[in-house]
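Asks: Please find one structure pasted underneath; my questions will follow.
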Amino acid sequence: MATEAPPRPPLALHWKIAISLVLAFLAGLFLPEKIGPIPVLASFQFVGELFMRALQMLVVPLIATAVISAVARLGEEEAFGRLGLKTLLFYGTSTTVAVLIGLACVNSLQPGKVEPEVSQMLIASAKADSEALAAKWEGRGMGDVVGVFQRMVPVNVVEAAGQNREMLALIFFSLLFGYFMTRLPAERRNRYTLWWEDGYEVMIRMTDWVIRFTPYGVFGLVAATVASTGLAAFGPLVKFFFTVLLGLCLHLFVFFPLVLRFFGVPPFRHLKAMMPALLTAFSTASSSAALPLNIECTQKSGVSKRVASFTLPIGATVNMDGTALYECAVVLFIAQIYGVELSLGAQALVVVLSLFTSLGVAGIPAASLVAIVIILSAVGLPKEAIGIVMVVDRLLDMCRTTVNIYGDSCCAAVVAATEGEKAHYRPETAGASQ
Ligand code: ASP
């Protein structure tokens with residue numbers, strides 16, 4: 001008797017995204033800008049932009065509802081201060097390690113020690129680009145490091161959030177708002193907290209819906225990027241590219257797994273659960289845009305809503321390990337290209353500034369360039385030298401954003417584990433957390 005074959009399970013989202021990434025690379029490299037009347041490149045850009053906008057649409061209400069509802073609940077517990085301290089401790093430590101990895105990689109591999117003709121050529125090409133870039137560093141300087149902390153307190157929170165760049169201000173306001181909700185009389189506090197929690201649930205459902213389009217959005221974004229950047233211009237920057245990549249890989253595949261294992265979280269299972277979020281971060285090069293998926297995947301990996309909705313929105317804004325590593329690597333690389341020997345003190349300054357400026361970098365593509373300009377001028381290097389790395393910036397942005405997002409989810413997993421949520425990491429319970 002013929003038995004009916006069981007229905008095939010649908011392809012997992014991360015596989016769909018991975019396939020569309022491969023197709024996007026091929027399409028970007030080999031398809032022409034136009035096929036007959038069809039503007040191929042513009043169509044990719046349109047689809048990618050639409051997806052990016054849909055993700056960004058979620059960010060402000062998602063951060064506000066997540067942080068306010070999490071803090072309103074946590075504020076009632078004694079755990080609030082403890083959770084905040086653990087989160088900040090993790091973020092501070094992991095970013096410091098990331099910068100030191102960047103420092104070690106560039107110092108040992110010396111990607112900027114090139115033939116004099118090559119360095120002259122790179123410096124000249126950076127000068128040629130400097131006019132287009134000048135707007136980015138106009139009026140930037142050390143004052144901006146202080147400005148990061150100043151802008152944390154918004155004059156007008158709606159306007160700050162509306163700019164979509166002042167997420168730190170939105171988080172600061174939401175933390176306060178959630179905390180002071182706990183000061184309402186019990187009955188009103190509960191009612192109001194439920195209201196915010198419902199808002200958060202609605203946002204998660206909207207996220208679920210937008211996520212379904214990820215494979216198409218990723219295709220559009222990556223194909224357009226590859227088509228407009230190409231691979232030919234990489235030439236003299238190949239060594240720098242791989243030095244940064246090595247640093248990012250060490251942080252992602254060595255440091256984080258060691259930390260996760262130390263706290264009893266199976267690293268491979270966590271990485272697997274995070275794949276859709278990581279691939280989205282890679283494709284969008286935006287921590288903010290990848291935040292909705294990060295919350296979704298981290299909760300699916302077994303972290304409770306209580307921990308995920310508190311740690312991840314803060315992390316997407318202040319914890320940027322990949323970015324900090326990159327900032328440090330770029331400045332040291334540029335110094336090598338210019339033949340400048342940075343003293344130990346100057347290198348220490350680069351490390352400290354990379355750490356602090358990464359706090360204020362917005363979760364959008366190419367945002368760290370401004371921070372790099374600040375560090376360059378602090379150590380006496382010309383601002384326009386940033387033009388040297390522009391060719392490889394986008395691809396490295398995709399890679400560093402992936403590390404940024406993964407760092408946040410590792411923090412959530414570690415905090416969850418130390419809060420006694422380890423049970424969630426058993427296969428039978430993973431995904432059932434609320
Ligand atoms: N694109 C990065 C992010 O969104 C920021 C940067 O390094 O430029 O996390």
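Going through the structure tokens in order, the chains are called A, B, and so on, while each chain numbers its residues from 1 and the ligands are numbered from 1 in the order shown.
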Give as a PyMOL selection string the residues surrounding ligand 1 up to a distance of 10 Å, considering only C-alpha atoms and all ligand atoms.

Replies: chain A and resi 281-282+284-291+316-327+358+360-372+393-394+396-405

Asks: Can you pull out the residues contacting A:Val67? Cut-off 12 Å, using only C-alpha atoms, and skip same-chain residues under 6 positions away; I want them as a PyMOL selection string.

Replies: chain A and resi 59-61+73-75+167-168+170-179+193+196-197+199-200+295+305-315

Asks: Residues at most 9 Å from A:Ala126, counting only C-alpha atoms, excluding those fewer than 3 positions away in the same chain, as a ChimeraX atom specification?

Replies: /A:121-123,129-130,384-390

Asks: Based on the selection just made, write N, CA and C atoms of those residues as a short mmCIF file (atom, residue, chain, number, x, y, z; two decimals), in the first residue's frame.

Replies:
```cif
data_model
loop_
_atom_site.label_atom_id
_atom_site.label_comp_id
_atom_site.auth_asym_id
_atom_site.auth_seq_id
_atom_site.Cartn_x
_atom_site.Cartn_y
_atom_site.Cartn_z
N MET A 121 49.06 57.20 -4.14
CA MET A 121 47.86 57.09 -4.98
C MET A 121 46.59 57.14 -4.09
N LEU A 122 46.64 56.43 -2.96
CA LEU A 122 45.47 56.41 -2.07
C LEU A 122 45.21 57.80 -1.48
N ILE A 123 46.30 58.48 -1.09
CA ILE A 123 46.14 59.80 -0.50
C ILE A 123 45.57 60.78 -1.54
N ASP A 129 38.21 62.97 -3.47
CA ASP A 129 36.84 62.72 -2.96
C ASP A 129 36.44 63.71 -1.87
N SER A 130 37.41 64.50 -1.39
CA SER A 130 37.17 65.22 -0.14
C SER A 130 36.04 66.24 -0.23
N GLU A 384 40.33 64.56 5.62
CA GLU A 384 39.94 64.04 4.30
C GLU A 384 40.49 62.63 4.04
N ALA A 385 41.41 62.17 4.92
CA ALA A 385 41.97 60.83 4.74
C ALA A 385 40.89 59.76 4.83
N ILE A 386 39.76 60.10 5.41
CA ILE A 386 38.65 59.14 5.50
C ILE A 386 38.26 58.62 4.11
N GLY A 387 38.50 59.47 3.09
CA GLY A 387 38.18 59.08 1.71
C GLY A 387 38.89 57.82 1.27
N ILE A 388 40.02 57.51 1.92
CA ILE A 388 40.81 56.33 1.52
C ILE A 388 39.99 55.05 1.66
N VAL A 389 39.19 54.97 2.71
CA VAL A 389 38.48 53.70 2.96
C VAL A 389 37.07 53.66 2.36
N MET A 390 36.67 54.75 1.69
CA MET A 390 35.29 54.81 1.20
C MET A 390 34.91 53.63 0.30
#
```

Asks: Can you work out the spacing between atom CA of A:Pro215 and atom CA of A:Leu21 in Å, to one decimal?

Replies: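 Between atom CA of A:Pro215 and atom CA of A:Leu21 the gap is 8.0 Å.
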
Asks: Choose the residue, out of A:Leu88, A:Ile68, A:Val47, A:Leu221, that has the smallest atom-to-atom separation from A:Asp198; count only C-alpha atoms.

Replies: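 Between A:Leu88, A:Ile68, A:Val47, A:Leu221, the residue approaching A:Asp198 most closely is A:Ile68.
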
Asks: Pick out the residues sitting within 12 Å of A:Leu23, and hand them over as number ranges by chain; count only C-alpha atoms, and ignore anything fewer than 3 positions along from it in its own chain.

Replies: A: 16-20, 26-31, 215-216, 218-224, 226

Asks: For N, CA and C atoms, I'd like the residues from the last selection saved as a PDB file, in the first residue's frame.

Replies:
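Below is the file result.pdb, written as the result:
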```pdb
ATOM      1  N   LYS A  16      16.096  31.053   3.287  1.00  0.00           N
ATOM      2  CA  LYS A  16      15.544  31.891   2.206  1.00  0.00           C
ATOM      3  C   LYS A  16      16.400  33.143   2.041  1.00  0.00           C
ATOM      4  N   ILE A  17      16.761  33.745   3.176  1.00  0.00           N
ATOM      5  CA  ILE A  17      17.561  34.984   3.111  1.00  0.00           C
ATOM      6  C   ILE A  17      18.945  34.678   2.532  1.00  0.00           C
ATOM      7  N   ALA A  18      19.520  33.549   2.966  1.00  0.00           N
ATOM      8  CA  ALA A  18      20.864  33.202   2.477  1.00  0.00           C
ATOM      9  C   ALA A  18      20.835  32.996   0.958  1.00  0.00           C
ATOM     10  N   ILE A  19      19.799  32.306   0.485  1.00  0.00           N
ATOM     11  CA  ILE A  19      19.703  32.069  -0.967  1.00  0.00           C
ATOM     12  C   ILE A  19      19.560  33.403  -1.697  1.00  0.00           C
ATOM     13  N   SER A  20      18.725  34.280  -1.160  1.00  0.00           N
ATOM     14  CA  SER A  20      18.526  35.551  -1.869  1.00  0.00           C
ATOM     15  C   SER A  20      19.795  36.409  -1.813  1.00  0.00           C
ATOM     16  N   LEU A  26      25.166  37.626  -7.304  1.00  0.00           N
ATOM     17  CA  LEU A  26      25.309  37.274  -8.725  1.00  0.00           C
ATOM     18  C   LEU A  26      24.627  38.320  -9.595  1.00  0.00           C
ATOM     19  N   ALA A  27      23.402  38.700  -9.218  1.00  0.00           N
ATOM     20  CA  ALA A  27      22.657  39.683 -10.023  1.00  0.00           C
ATOM     21  C   ALA A  27      23.406  41.013 -10.060  1.00  0.00           C
ATOM     22  N   GLY A  28      23.936  41.433  -8.887  1.00  0.00           N
ATOM     23  CA  GLY A  28      24.651  42.710  -8.816  1.00  0.00           C
ATOM     24  C   GLY A  28      25.900  42.707  -9.672  1.00  0.00           C
ATOM     25  N   LEU A  29      26.559  41.553  -9.725  1.00  0.00           N
ATOM     26  CA  LEU A  29      27.814  41.492 -10.482  1.00  0.00           C
ATOM     27  C   LEU A  29      27.575  41.339 -11.988  1.00  0.00           C
ATOM     28  N   PHE A  30      26.565  40.556 -12.350  1.00  0.00           N
ATOM     29  CA  PHE A  30      26.470  40.176 -13.764  1.00  0.00           C
ATOM     30  C   PHE A  30      25.328  40.822 -14.551  1.00  0.00           C
ATOM     31  N   LEU A  31      24.287  41.310 -13.880  1.00  0.00           N
ATOM     32  CA  LEU A  31      23.193  41.894 -14.663  1.00  0.00           C
ATOM     33  C   LEU A  31      23.548  43.319 -15.096  1.00  0.00           C
ATOM     34  N   PRO A 215      13.468  38.184   2.499  1.00  0.00           N
ATOM     35  CA  PRO A 215      14.259  37.683   1.370  1.00  0.00           C
ATOM     36  C   PRO A 215      14.222  38.623   0.157  1.00  0.00           C
ATOM     37  N   TYR A 216      13.077  39.229  -0.100  1.00  0.00           N
ATOM     38  CA  TYR A 216      12.974  40.124  -1.276  1.00  0.00           C
ATOM     39  C   TYR A 216      13.724  41.425  -1.012  1.00  0.00           C
ATOM     40  N   VAL A 218      16.172  41.954   1.094  1.00  0.00           N
ATOM     41  CA  VAL A 218      17.612  41.688   1.137  1.00  0.00           C
ATOM     42  C   VAL A 218      18.162  41.590  -0.289  1.00  0.00           C
ATOM     43  N   PHE A 219      17.419  40.932  -1.136  1.00  0.00           N
ATOM     44  CA  PHE A 219      17.857  40.810  -2.531  1.00  0.00           C
ATOM     45  C   PHE A 219      18.028  42.202  -3.149  1.00  0.00           C
ATOM     46  N   GLY A 220      17.011  43.031  -3.004  1.00  0.00           N
ATOM     47  CA  GLY A 220      17.055  44.374  -3.603  1.00  0.00           C
ATOM     48  C   GLY A 220      18.212  45.207  -3.062  1.00  0.00           C
ATOM     49  N   LEU A 221      18.392  45.167  -1.734  1.00  0.00           N
ATOM     50  CA  LEU A 221      19.443  45.993  -1.119  1.00  0.00           C
ATOM     51  C   LEU A 221      20.839  45.556  -1.559  1.00  0.00           C
ATOM     52  N   VAL A 222      21.072  44.237  -1.483  1.00  0.00           N
ATOM     53  CA  VAL A 222      22.432  43.757  -1.744  1.00  0.00           C
ATOM     54  C   VAL A 222      22.767  43.820  -3.238  1.00  0.00           C
ATOM     55  N   ALA A 223      21.798  43.460  -4.080  1.00  0.00           N
ATOM     56  CA  ALA A 223      22.072  43.513  -5.531  1.00  0.00           C
ATOM     57  C   ALA A 223      22.416  44.944  -5.933  1.00  0.00           C
ATOM     58  N   ALA A 224      21.672  45.913  -5.417  1.00  0.00           N
ATOM     59  CA  ALA A 224      21.930  47.315  -5.771  1.00  0.00           C
ATOM     60  C   ALA A 224      23.306  47.751  -5.259  1.00  0.00           C
ATOM     61  N   VAL A 226      25.986  45.808  -4.583  1.00  0.00           N
ATOM     62  CA  VAL A 226      27.069  45.158  -5.335  1.00  0.00           C
ATOM     63  C   VAL A 226      27.185  45.781  -6.726  1.00  0.00           C
TER      64      VAL A 226
END
```

Asks: Can you list, as a ChimeraX atom specification, every protein, DNA or RNA residue that comes within 10 Å of A:Ala348 when you count only C-alpha atoms, leaving out same-chain residues fewer than 5 positions away?

Replies: /A:100,103,342-343,353-354
